[in-house]
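Q: Mind having a look at this structure? Questions to follow.
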Amino acid sequence: MKPIPLGLALLAASLFGGVVGSLITRATIAAPSDPTSTPSAPIAARSHVHAAQARANGGVDSFSGFGAAGTQPNDSDRMIQRARRDPAYLRELLRGYSFETELDKRGALLAVLQAVANDDVLRTARQLADSGDPESRRNGLDLLKAFPLDQPQVRELLSRQLQAERDPAMLKQLVDMLAPTVVASEDAAPLLDRLAELRQHPDPAVRASAVVQSVQWNKHAGNEEILQRAMLDPDLSVRQAAIAGINASSTRSDRLKDSLLALAADPQTDAETRNSAVFALQNFAMNRGEYALYRKAAAQAVDGDGHEREYPAR
């Protein structure tokens, strides 16, 4: 056999030594000399094993990693599907929601249970909402938001609590839960009667919410009177609610138009409220005098950053 030239042999030896040295260096860096200096690896491994076992067992612990830190996005979909077909699993979720104290976990459970929204979920929601414990009651009301008011049990509970509640913050929350839906006039009447009382409530936040809900629930004549009274309310938040109610209900009248023009031109009113009034006026018929006032107010309109807003010329 022909001998290998000395130069080639030296080159090969050099390359081999470099490769081996590199591998040894990488292995040394990858393996720390002190096993206690990086405890996160075994802890993470145990966490993954626990999560995998929990998911395999199908328990509520499978939600332990769900939420802000997040597991896979489709975990909630799997839980929803299983809860719909497995009553025992749904009971575990409801029990977990009832006693969970961590906000992220409870919020994740709430999302799943609101998506299921069957009779078992409604039953738990009503039990919690009627609890004497304030936190349990809030949790029950949050769960109850998954159900429309055309369900008599939901409507009865909210109507009863609207009558009994005295705390303004909780009263406003109950009013805000009255999402409009189609019900018989006889069933809507108690809600409308209570909303009429709450439009006179001492707390302006309650009055404002009651104005918006009143015009959405009222299917009879009378929205113009409700909104006009609100436009004259001494509190700005109620006047803002009136403007929102005008837009939501498409109520039109000369009195409302005059009130909007006055509000849009009032230098003592904040810019955002004046802007809202100008926007609402676009849906009113205006004569030339009124239109001139509208254009003047629109020209002075600014957004929250102090920049001029553009409103269409009519």
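Every chain in the structure tokens has a letter given in the order shown (A, B, ...), and although residue numbers restart at 1 in each chain, ligands are simply numbered from 1 in the order shown.
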If you count only C-alpha atoms, which residues fall within 7 Å of Ala230 (chain A), apart from same-chain ones fewer than 3 positions away, as a CSV table (one decimal) with N, CA, C and O atoms, in the first residue's frame?
A:
```csv
chain,number,residue,atom,x,y,z
A,226,ILE,N,-87.8,59.8,28.8
A,226,ILE,CA,-86.7,59.3,29.6
A,226,ILE,C,-85.4,60.0,29.2
A,226,ILE,O,-84.6,60.4,30.1
A,227,LEU,N,-85.1,60.1,27.9
A,227,LEU,CA,-83.8,60.6,27.5
A,227,LEU,C,-83.7,62.1,27.8
A,227,LEU,O,-82.7,62.6,28.1
A,233,ASP,N,-80.0,66.1,33.5
A,233,ASP,CA,-79.5,65.6,34.8
A,233,ASP,C,-78.2,66.4,35.2
A,233,ASP,O,-77.4,66.8,34.4
A,238,VAL,N,-74.6,60.9,33.6
A,238,VAL,CA,-76.0,60.6,33.2
A,238,VAL,C,-76.3,61.2,31.9
A,238,VAL,O,-77.0,60.7,31.0
A,239,ARG,N,-75.8,62.4,31.7
A,239,ARG,CA,-76.0,63.1,30.4
A,239,ARG,C,-75.3,62.3,29.3
A,239,ARG,O,-75.8,62.2,28.1
A,242,ALA,N,-77.4,59.5,28.4
A,242,ALA,CA,-78.5,59.9,27.6
A,242,ALA,C,-78.1,59.9,26.1
A,242,ALA,O,-78.9,59.5,25.2
```
Q: Taking 4 positions as the minimum chain separation for residues in the same chain, which residues sit within 9 Å of Ser159 (chain A) when counting only C-alpha atoms? Answer as a list in words.
A: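 Skipping anything fewer than 4 positions along the chain leaves Val154, Arg155, Gln163, Ala164, Pro190, Leu191 and Arg194 of chain A.
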Q: Can you pull out every residue within 12 Å of Pro87 (chain A), counting only C-alpha atoms, but drop anything in the same chain fewer than 4 positions away, and send it as a ChimeraX atom specification?
A: /A:80-83,91-94,116,118-121
Q: Looking only at helix (DSSP H, G or I) from DSSP on the backbone, list the matching residues of region 73-277 of chain A as number ranges by chain.
A: A: 75-85, 87-99, 103-116, 119-129, 134-144, 152-164, 168-176, 185-198, 204-217, 223-231, 236-249, 254-265, 271-277
Q: Please measure the separation of CA of His201 (chain A) and CA of Asp176 (chain A), giving the value in Å to one decimal.
A: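 A separation of 14.9 Å between them.
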